[in-house]
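Student: This is the content of query.cif (mmCIF, C-alpha atoms):
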data_entry
#
loop_
_atom_site.label_atom_id
_atom_site.label_comp_id
_atom_site.auth_asym_id
_atom_site.auth_seq_id
_atom_site.Cartn_x
_atom_site.Cartn_y
_atom_site.Cartn_z
CA MET U 1 0.00 0.00 0.00
CA PRO U 2 1.21 3.52 -0.72
CA PRO U 3 2.26 5.51 2.34
CA THR U 4 -0.39 7.65 3.99
CA VAL U 5 0.12 11.33 3.20
CA THR U 6 -1.06 13.78 5.83
CA THR U 7 -2.00 17.07 4.27
CA GLN U 8 -1.66 20.09 6.48
CA PRO U 9 -4.06 22.95 5.85
CA PRO U 10 -2.35 25.94 4.28
CA ARG U 11 -1.24 28.74 6.54
CA PHE U 12 -2.42 31.97 5.04
CA ALA U 13 -0.78 35.20 6.13
CA THR U 14 -2.76 38.44 6.17
CA ALA U 15 -1.44 41.95 5.73
CA ASP U 16 0.37 43.61 8.60
CA ALA U 17 -2.28 46.32 8.54
CA VAL U 18 -4.84 43.84 9.86
CA ALA U 19 -2.67 43.06 12.87
CA ARG U 20 -2.06 46.77 13.48
CA ILE U 21 -5.79 47.48 13.50
CA ALA U 22 -6.52 44.50 15.75
CA ALA U 23 -3.84 45.62 18.21
CA ALA U 24 -5.03 49.22 18.32
CA SER U 25 -8.80 48.84 18.07
CA ARG U 26 -11.06 49.30 21.06
CA ARG U 27 -14.23 49.15 18.97
CA THR U 28 -16.93 46.62 19.83
CA GLN U 29 -20.23 45.81 18.17
CA GLN U 30 -23.11 46.77 20.44
CA PRO U 31 -26.67 45.42 20.04
CA GLN U 32 -29.84 47.18 19.09
CA SER U 33 -32.83 46.98 21.40
CA ARG U 34 -34.81 43.74 21.44
CA ALA U 35 -37.50 42.20 23.61
CA ASP U 36 -35.17 41.42 26.53
CA LEU U 37 -32.70 44.27 26.09
CA VAL U 38 -32.90 48.06 26.09
CA SER U 39 -30.00 49.48 24.12
CA LEU U 40 -28.61 52.86 25.07
CA ALA U 41 -25.44 51.95 23.22
CA MET U 42 -26.29 52.89 19.65
CA GLY U 43 -25.41 56.32 18.30
CA GLU U 44 -28.31 56.03 15.90
CA PRO U 45 -31.43 58.22 15.71
CA ASP U 46 -34.61 56.28 16.43
CA PHE U 47 -36.48 58.60 14.05
CA ASP U 48 -37.41 57.48 10.58
CA THR U 49 -35.79 59.30 7.67
CA PRO U 50 -37.97 62.29 6.66
CA PRO U 51 -40.69 61.10 4.23
CA SER U 52 -39.68 63.55 1.51
CA VAL U 53 -36.22 61.97 1.39
CA THR U 54 -37.58 58.43 1.11
CA GLU U 55 -40.06 59.52 -1.54
CA ALA U 56 -37.26 61.15 -3.53
CA ALA U 57 -35.32 57.89 -3.51
CA GLN U 58 -38.37 55.97 -4.70
CA ALA U 59 -39.00 58.49 -7.49
CA SER U 60 -35.36 58.30 -8.51
CA LEU U 61 -35.53 54.51 -8.75
CA ARG U 62 -38.71 54.67 -10.80
CA ALA U 63 -36.98 57.13 -13.13
CA GLY U 64 -34.22 54.61 -13.77
CA ARG U 65 -31.52 56.42 -11.78
CA THR U 66 -29.72 53.14 -11.12
CA HIS U 67 -26.53 53.59 -13.14
CA TYR U 68 -23.05 54.60 -12.05
CA SER U 69 -22.67 58.08 -10.65
CA PRO U 70 -19.61 60.26 -11.34
CA LEU U 71 -16.81 59.24 -9.00
CA LEU U 72 -16.77 62.55 -7.14
CA GLY U 73 -20.57 62.57 -6.83
CA GLU U 74 -23.63 63.96 -8.56
CA PRO U 75 -23.03 67.55 -9.76
CA ALA U 76 -26.37 68.84 -8.41
CA LEU U 77 -25.67 67.51 -4.91
CA ARG U 78 -22.12 68.83 -4.90
CA GLU U 79 -23.33 72.28 -5.98
CA ALA U 80 -25.99 72.31 -3.25
CA LEU U 81 -23.43 71.29 -0.64
CA ALA U 82 -20.98 73.91 -1.88
CA GLY U 83 -23.66 76.54 -1.27
CA LYS U 84 -24.33 75.19 2.22
CA LEU U 85 -20.62 75.05 3.00
CA ALA U 86 -20.05 78.60 1.81
CA THR U 87 -22.46 79.74 4.53
CA THR U 88 -20.69 77.55 7.11
CA ALA U 89 -17.20 78.66 6.08
CA GLY U 90 -17.99 82.29 5.44
CA ALA U 91 -15.92 82.01 2.27
CA PRO U 92 -16.42 80.91 -1.35
CA VAL U 93 -16.62 77.14 -1.84
CA SER U 94 -16.14 75.37 -5.16
CA ALA U 95 -18.20 72.27 -5.88
CA ALA U 96 -15.03 70.86 -7.44
CA ASP U 97 -13.65 70.48 -3.90
CA VAL U 98 -16.66 68.53 -2.58
CA LEU U 99 -16.39 64.72 -2.54
CA ILE U 100 -19.48 62.57 -1.90
CA THR U 101 -18.55 59.54 0.22
CA GLN U 102 -20.04 56.25 1.35
CA GLY U 103 -21.10 57.70 4.69
CA GLY U 104 -18.97 59.62 7.15
CA THR U 105 -16.93 56.48 7.85
CA ALA U 106 -15.67 56.27 4.28
CA GLY U 107 -14.97 60.00 4.31
CA LEU U 108 -12.83 59.67 7.42
CA ALA U 109 -11.06 56.67 5.95
CA ALA U 110 -10.37 58.39 2.65
CA SER U 111 -9.03 61.53 4.33
CA ILE U 112 -6.83 59.82 6.94
CA LEU U 113 -5.46 57.15 4.59
CA SER U 114 -4.63 59.79 2.00
CA ILE U 115 -2.68 61.92 4.50
CA VAL U 116 -0.87 59.56 6.89
CA ASN U 117 2.36 57.77 6.01
CA PRO U 118 3.89 54.96 8.07
CA GLY U 119 5.47 56.46 11.18
CA ASP U 120 3.65 59.79 10.93
CA LYS U 121 2.58 61.33 14.21
CA VAL U 122 -1.20 61.75 14.49
CA VAL U 123 -2.68 63.55 17.49
CA ILE U 124 -6.16 62.77 18.77
CA PRO U 125 -7.97 63.81 21.96
CA ASP U 126 -8.48 61.16 24.65
CA PRO U 127 -11.26 60.11 24.88
CA THR U 128 -12.67 60.49 21.36
CA TYR U 129 -14.39 58.50 18.62
CA SER U 130 -12.55 55.20 18.34
CA LEU U 131 -12.50 54.92 14.53
CA TYR U 132 -9.75 57.54 14.23
CA ALA U 133 -7.12 55.41 15.96
CA ASP U 134 -8.10 52.36 13.90
CA LEU U 135 -7.60 54.25 10.65
CA VAL U 136 -4.28 55.67 11.76
CA ALA U 137 -3.16 52.14 12.67
CA MET U 138 -4.28 50.94 9.25
CA ALA U 139 -2.10 53.63 7.63
CA GLY U 140 0.85 52.73 9.87
CA GLY U 141 0.85 56.05 11.68
CA ALA U 142 1.63 56.63 15.36
CA VAL U 143 -1.32 57.77 17.48
CA VAL U 144 -0.55 60.34 20.17
CA PRO U 145 -3.56 60.59 22.51
CA VAL U 146 -3.90 63.84 24.46
CA PRO U 147 -5.84 63.69 27.74
CA LEU U 148 -8.66 66.19 28.08
CA GLY U 149 -9.01 68.70 30.88
CA PRO U 150 -11.29 68.08 33.88
CA ASP U 151 -14.16 69.79 32.02
CA LEU U 152 -13.64 67.39 29.07
CA HIS U 153 -12.47 70.25 26.83
CA TRP U 154 -8.97 70.31 25.35
CA ASP U 155 -6.03 70.77 27.68
CA LEU U 156 -4.31 73.35 25.49
CA ASP U 157 -0.91 73.08 27.17
CA ARG U 158 -0.80 69.32 26.63
CA LEU U 159 -2.18 69.74 23.13
CA ALA U 160 0.53 72.26 22.25
CA ASP U 161 3.25 69.82 23.30
CA ALA U 162 1.67 66.92 21.40
CA LEU U 163 1.19 68.87 18.17
CA ASP U 164 4.90 69.57 17.81
CA GLY U 165 5.90 67.78 14.60
CA ALA U 166 2.48 66.23 14.08
CA ARG U 167 1.35 65.31 10.58
CA LEU U 168 -2.33 65.36 11.49
CA PHE U 169 -4.78 66.34 14.22
CA VAL U 170 -8.18 64.61 14.16
CA PHE U 171 -11.13 65.63 16.32
CA CYS U 172 -14.92 65.67 16.33
CA ASN U 173 -17.17 68.57 17.22
CA PRO U 174 -19.62 68.15 18.93
CA VAL U 175 -17.75 65.29 20.56
CA ASN U 176 -18.54 61.61 20.59
CA PRO U 177 -18.51 60.36 23.40
CA THR U 178 -18.56 63.39 25.74
CA GLY U 179 -21.12 65.68 24.09
CA ILE U 180 -18.75 68.64 24.52
CA VAL U 181 -18.88 71.46 21.94
CA HIS U 182 -15.64 73.20 21.03
CA GLY U 183 -16.54 76.85 20.54
CA HIS U 184 -14.95 79.78 18.75
CA GLU U 185 -12.44 80.56 21.51
CA GLU U 186 -11.19 76.97 21.72
CA LEU U 187 -10.88 76.61 17.95
CA SER U 188 -9.10 79.94 17.72
CA ALA U 189 -6.59 78.65 20.26
CA LEU U 190 -6.04 75.58 18.07
CA ALA U 191 -5.46 77.85 15.06
CA GLU U 192 -2.80 79.74 17.02
CA LEU U 193 -1.08 76.50 18.03
CA LEU U 194 -0.88 75.42 14.40
CA ASP U 195 0.12 78.76 12.92
CA GLY U 196 3.28 78.41 10.86
CA THR U 197 3.20 74.59 10.88
CA SER U 198 2.35 72.07 8.17
CA THR U 199 0.00 70.06 10.41
CA ILE U 200 -3.25 69.08 8.70
CA VAL U 201 -6.59 68.94 10.54
CA VAL U 202 -9.51 66.57 10.00
CA SER U 203 -12.64 68.04 11.59
CA ASP U 204 -15.44 65.49 11.95
CA GLU U 205 -18.57 67.58 12.39
CA ALA U 206 -21.19 64.83 12.16
CA TYR U 207 -23.21 66.31 15.05
CA SER U 208 -22.91 69.98 14.09
CA ASP U 209 -26.69 70.41 13.84
CA LEU U 210 -27.10 69.06 17.39
CA ASP U 211 -25.68 71.95 19.44
CA TYR U 212 -27.63 72.93 22.58
CA THR U 213 -25.37 75.71 23.84
CA GLY U 214 -27.57 78.52 22.56
CA ARG U 215 -24.57 79.87 20.65
CA LEU U 216 -24.09 79.73 16.90
CA PHE U 217 -22.09 76.58 16.19
CA THR U 218 -18.50 77.31 15.14
CA SER U 219 -17.12 75.08 12.40
CA ALA U 220 -13.37 74.68 12.10
CA VAL U 221 -13.63 75.84 8.48
CA SER U 222 -15.14 79.16 9.56
CA LEU U 223 -11.78 80.27 11.03
CA ASP U 224 -9.18 81.82 8.74
CA GLY U 225 -6.39 80.10 10.67
CA LEU U 226 -7.86 76.62 10.17
CA ARG U 227 -9.75 76.67 6.86
CA GLU U 228 -6.66 76.38 4.66
CA ARG U 229 -5.42 73.25 6.49
CA THR U 230 -8.70 71.47 7.36
CA VAL U 231 -10.53 68.57 5.76
CA TYR U 232 -14.18 68.92 6.75
CA CYS U 233 -15.93 65.56 7.19
CA GLN U 234 -19.72 65.39 7.29
CA THR U 235 -22.48 62.79 7.11
CA PHE U 236 -26.22 62.70 6.54
CA SER U 237 -26.60 60.01 9.22
CA LYS U 238 -27.23 62.06 12.35
CA SER U 239 -28.91 65.30 11.25
CA TYR U 240 -31.28 63.64 8.80
CA ALA U 241 -31.71 60.22 10.49
CA MET U 242 -30.15 58.56 7.43
CA THR U 243 -27.71 56.12 9.06
CA GLY U 244 -28.57 53.22 6.77
CA TRP U 245 -28.33 55.28 3.58
CA ARG U 246 -24.54 55.56 3.85
CA VAL U 247 -23.91 58.99 2.39
CA GLY U 248 -21.53 61.71 3.53
CA TYR U 249 -19.08 64.22 2.08
CA LEU U 250 -15.70 65.88 2.40
CA TRP U 251 -14.57 69.40 1.62
CA GLY U 252 -11.20 71.07 2.00
CA PRO U 253 -8.08 72.25 0.17
CA SER U 254 -8.06 70.95 -3.41
CA PRO U 255 -4.91 68.79 -3.13
CA LEU U 256 -6.24 67.06 -0.01
CA ILE U 257 -9.65 66.40 -1.54
CA GLN U 258 -8.09 65.09 -4.74
CA ALA U 259 -5.96 62.72 -2.67
CA ALA U 260 -8.96 61.59 -0.62
CA ALA U 261 -10.93 61.05 -3.83
CA ARG U 262 -8.18 58.78 -5.13
CA VAL U 263 -8.45 56.61 -2.02
CA HIS U 264 -12.25 56.69 -1.91
CA ASN U 265 -12.55 55.80 -5.59
CA THR U 266 -10.21 52.86 -5.07
CA PHE U 267 -11.96 51.52 -1.98
CA ASN U 268 -15.56 52.45 -2.64
CA GLY U 269 -16.25 53.77 -6.12
CA SER U 270 -19.13 56.16 -6.55
CA VAL U 271 -22.09 56.50 -4.19
CA ASN U 272 -25.45 55.13 -5.37
CA THR U 273 -27.13 57.58 -7.73
CA PHE U 274 -30.64 57.37 -6.27
CA ILE U 275 -29.31 57.87 -2.75
CA GLN U 276 -27.58 61.07 -3.85
CA ASP U 277 -30.87 62.24 -5.36
CA ALA U 278 -32.52 61.66 -2.00
CA ALA U 279 -29.66 63.43 -0.20
CA LEU U 280 -30.19 66.48 -2.40
CA VAL U 281 -33.79 66.68 -1.20
CA ALA U 282 -32.56 66.43 2.40
CA VAL U 283 -30.20 69.38 1.86
CA GLU U 284 -32.81 71.51 0.14
CA ASN U 285 -36.01 70.68 2.05
CA CYS U 286 -35.38 69.22 5.50
CA ALA U 287 -34.36 72.12 7.74
CA ASP U 288 -37.62 71.81 9.69
CA ASP U 289 -37.02 68.08 10.22
CA ILE U 290 -33.55 68.81 11.63
CA ALA U 291 -35.00 71.38 14.01
CA ARG U 292 -37.74 68.98 15.15
CA MET U 293 -35.32 66.14 15.87
CA ARG U 294 -32.80 68.44 17.53
CA ALA U 295 -35.47 69.71 19.94
CA ALA U 296 -36.46 66.12 20.74
CA TYR U 297 -32.85 65.14 21.49
CA GLU U 298 -32.45 68.10 23.82
CA GLU U 299 -35.55 67.01 25.72
CA ARG U 300 -34.35 63.41 25.85
CA GLY U 301 -31.00 64.54 27.17
CA GLU U 302 -32.76 66.26 30.07
CA ILE U 303 -34.84 63.14 30.74
CA MET U 304 -31.69 61.02 30.86
CA ARG U 305 -29.90 63.51 33.10
CA GLU U 306 -32.80 63.56 35.57
CA GLU U 307 -33.04 59.77 35.65
CA LEU U 308 -29.27 59.27 36.06
CA ALA U 309 -29.01 61.94 38.78
CA SER U 310 -30.75 59.65 41.29
CA ILE U 311 -28.19 56.82 40.91
CA PRO U 312 -25.56 56.75 43.68
CA GLY U 313 -21.93 56.76 42.59
CA LEU U 314 -22.40 58.39 39.18
CA THR U 315 -20.85 61.73 38.28
CA LEU U 316 -22.68 63.07 35.25
CA SER U 317 -21.16 64.91 32.33
CA ALA U 318 -22.60 68.16 31.00
CA PRO U 319 -23.37 67.52 27.31
CA GLU U 320 -23.52 70.58 25.08
CA GLY U 321 -24.26 68.75 21.83
CA ALA U 322 -24.66 65.40 20.05
CA PHE U 323 -26.78 62.86 22.00
CA TYR U 324 -24.49 61.28 24.56
CA GLN U 325 -24.12 61.24 28.34
CA PHE U 326 -20.67 60.20 29.60
CA PRO U 327 -20.95 59.59 33.34
CA ARG U 328 -18.10 58.46 35.59
CA TYR U 329 -18.84 55.63 38.03
CA ASP U 330 -17.14 54.95 41.36
CA LEU U 331 -16.81 51.15 41.14
CA ASP U 332 -13.33 49.65 41.08
CA LEU U 333 -14.03 47.69 37.91
CA PRO U 334 -12.99 48.09 34.26
CA SER U 335 -15.73 49.58 32.15
CA VAL U 336 -15.89 46.51 29.90
CA ASP U 337 -16.74 44.41 32.97
CA VAL U 338 -19.36 46.91 34.09
CA VAL U 339 -20.94 46.85 30.63
CA ALA U 340 -21.00 43.05 30.64
CA ALA U 341 -22.70 43.01 34.04
CA LEU U 342 -25.25 45.59 32.92
CA ARG U 343 -26.06 43.49 29.87
CA ALA U 344 -27.16 40.72 32.24
CA HIS U 345 -29.63 43.22 33.71
CA GLY U 346 -31.14 43.94 30.29
CA VAL U 347 -29.45 47.20 29.30
CA ALA U 348 -26.65 47.81 26.79
CA VAL U 349 -24.27 50.78 27.03
CA ARG U 350 -20.74 51.37 25.78
CA PRO U 351 -17.60 51.13 27.91
CA GLY U 352 -15.73 54.40 28.25
CA SER U 353 -12.46 52.62 27.51
CA GLU U 354 -13.65 52.07 23.94
CA PHE U 355 -12.94 55.76 23.35
CA GLY U 356 -9.43 55.82 24.80
CA ALA U 357 -7.49 55.09 27.96
CA ARG U 358 -8.83 58.26 29.61
CA GLY U 359 -12.36 57.04 29.01
CA GLU U 360 -11.85 54.24 31.52
CA GLY U 361 -14.15 54.56 34.52
CA HIS U 362 -16.91 56.03 32.34
CA LEU U 363 -19.92 54.70 30.46
CA ARG U 364 -21.33 56.15 27.26
CA LEU U 365 -25.10 56.29 27.03
CA SER U 366 -27.01 57.46 23.97
CA TYR U 367 -30.21 59.47 24.22
CA ALA U 368 -30.94 58.99 20.54
CA ALA U 369 -33.30 56.33 21.89
CA GLY U 370 -36.91 57.25 22.67
CA PRO U 371 -38.02 58.59 26.08
CA ARG U 372 -39.58 55.30 27.23
CA SER U 373 -36.41 53.39 26.35
CA ILE U 374 -34.30 55.97 28.18
CA ILE U 375 -36.36 55.72 31.36
CA GLU U 376 -36.49 51.92 31.33
CA GLY U 377 -32.85 51.59 30.32
CA VAL U 378 -31.65 53.85 33.13
CA ARG U 379 -33.86 51.95 35.59
CA ARG U 380 -32.14 48.71 34.58
CA LEU U 381 -28.75 50.40 34.74
CA ALA U 382 -29.47 51.51 38.31
CA HIS U 383 -30.34 47.94 39.30
CA GLY U 384 -27.23 46.60 37.59
CA LEU U 385 -24.90 49.07 39.29
CA ALA U 386 -26.51 48.40 42.67
CA ALA U 387 -25.90 44.67 42.20
CA LEU U 388 -22.19 45.35 41.62
CA ARG U 389 -21.76 47.09 44.98
#
In structure tokens, how does this file's structure come out?

Tutor:
Amino acid sequence: MPPTVTTQPPRFATADAVARIAAASRRTQQPQSRADLVSLAMGEPDFDTPPSVTEAAQASLRAGRTHYSPLLGEPALREALAGKLATTAGAPVSAADVLITQGGTAGLAASILSIVNPGDKVVIPDPTYSLYADLVAMAGGAVVPVPLGPDLHWDLDRLADALDGARLFVFCNPVNPTGIVHGHEELSALAELLDGTSTIVVSDEAYSDLDYTGRLFTSAVSLDGLRERTVYCQTFSKSYAMTGWRVGYLWGPSPLIQAAARVHNTFNGSVNTFIQDAALVAVENCADDIARMRAAYEERGEIMREELASIPGLTLSAPEGAFYQFPRYDLDLPSVDVVAALRAHGVAVRPGSEFGARGEGHLRLSYAAGPRSIIEGVRRLAHGLAALR
């Protein structure tokens, strides 16, 4: 008989970038609400997309708008966004410098991957949205997290030190997870820190329509000292309750947008034509819908604050925008363990450590959920925390 041959399965090696992302990533998939679980973990509006937007998509499909779109995006949508951005920036904006992306995520990816080289120093606040560090790791850059001040705003002295020699500074405003809004004075201080340097800025302003400070929201691109170095990243997901539509856009200096377009076109190609038609209707017709949802979020934030205030051992944050509460707890447990224990009590939240080392000891709760879910979810959270004592 011929000898028995034992075949070993092949050992496939993946790219180093995968290992870098896995090593750096703190991101975890959190569940949506279901019969036995109230989720306060999802940063997703519970509102339906405005009917006029959905109807526009249906009309576009019926009209046969199902073919490839131009790689940079539909001209009509880019022109409309250029007009909107000109108001935001207080300066002329060319539609040629607007890139339509597959949601804000793809916009962030395209901008960061088109800027960062292996070994480049990239500064991010700590805590902040966790995707930034993952993308920098993917590009091979070196993340430099900068702890926030006690009020969860930037510590400008620490930031000044960190920005020395930095290729890129990435931040969001209003902030996920803290709900802080960086105003004109804070952004002006950033502009002064960067004056005379070649550091680029990515400003993720996904929650810019959800500002409860009573002041006019200040975009990074509205400041002369930042506009010429900033890539503005925006999405339709939050303002228009269009998370599942996956449409966003970038604007900034022409060379940076051209570079981002090269990456986006390689990864993603063009955004669906009929979705861009619907997005155009959102831009042109949905200001009242934004105002309605924004008012509802502000009310829900107050409901959550009142419910959380009665729980012993929690120190609440003071959100100024977005739809997040970021309380600190007094238990001597990692936040991932607290979140796991709370899940057993029927409520899902996010661990503060997901957003950076300085987020440890916090939980992130979303009040994008409806009022009944907020009240019930916080009730379950109170029981879960009490059981851990």

Student: Mind pulling up the distance from atom CA of U:Asn176 to atom CA of U:Asp209?

Tutor: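 Atom CA of U:Asp209 sits 13.8 Å away from atom CA of U:Asn176.
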
Student: Counting only C-alpha atoms, which residues of stretch 231-308 of chain U fall within 6 Å of stretch 87-101 of chain U, and what is the closest atom pair for each with its distance in Å at one decimal, ordered by chain and rising number, as CSV?

Tutor:
residue,atom,partner,partner_atom,distance
U:Val247,CA,U:Thr101,CA,5.8
U:Gly248,CA,U:Thr101,CA,5.0
U:Tyr249,CA,U:Ile100,CA,4.3
U:Leu250,CA,U:Leu99,CA,5.1
U:Trp251,CA,U:Val98,CA,4.8
U:Ser254,CA,U:Asp97,CA,5.6

Student: Please, what distance in Å, to one decimal, runs between atom CA of U:Asp46 and atom CA of U:Ala287?

Tutor: 18.1 Å

Student: If we count all atoms listed in the file and set the cut-off at 7 Å, which residues sit around stretch 380-388 of chain U, ignoring sequence neighbours fewer than 6 positions away in its own chain? Please answer as a list in words.

Tutor: Ile311, Ala341, Leu342, His345, Gly346 and Val347 of chain U

Student: Translate the PyMOL selection byres ((chain U and resi 129) around 12), as applied to the file shown, into an explicit residue set as a count of residues only.

Tutor: 40

Student: Using only C-alpha atoms, can you tell me which of U:Glu360, U:Asp195, U:Glu306, U:Asp224 comes closest to U:Asp337?

Tutor: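 The closest residue to U:Asp337 is U:Glu360.
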
Student: Around (-16.8, 60.0, -7.1) in the file's frame, which residues reach within 8 Å when counting all atoms listed in the file? Return as a PyMOL selection string?

Tutor: chain U and resi 69-73+99-101+261+264-265+269-271

Student: Counting all atoms listed in the file, which residue out of U:Cys233, U:Val378, U:Ala160, U:Ala340 sits closest to U:Ile112?

Tutor: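 The closest residue to U:Ile112 is U:Cys233.
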
Student: Given the point (-3.0, 64.3, 1.1) in the file's coordinates, find the residues that have an atom at most 7 Å from it, counting all atoms listed in the file, and give them as JSON, numbers by chain.

Tutor: {"U": [114, 115, 255, 256, 259, 260]}

Student: Quick one: apply the PyMOL selection byres ((chain U and resi 299) around 12) to the file and drop the selected residues here as a ChimeraX atom specification.

Tutor: /U:212,292-298,300-306,323,367-371,374

Student: To one decimal place in Å, what is the distance between atom CA of U:Arg229 and atom CA of U:Ile21?

Tutor: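 Rounded to one decimal, the two atoms are 26.7 Å apart.
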
Student: May I have the residues within 7 Å of stretch 60-66 of chain U as a list in words, using all atoms listed in the file and disregarding those fewer than 3 positions away in the same chain?

Tutor: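 Near neighbours after the sequence-gap exclusion: Ala56, Ala57, Thr273, Phe274 and Asp277 of chain U.
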
Student: Using only C-alpha atoms for the distances, tell me which of U:Leu37, U:Arg11, U:Pro51, U:His67 is nearest to U:Glu376.

Tutor: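 Of U:Leu37, U:Arg11, U:Pro51, U:His67, the one nearest U:Glu376 is U:Leu37, counting only C-alpha atoms.
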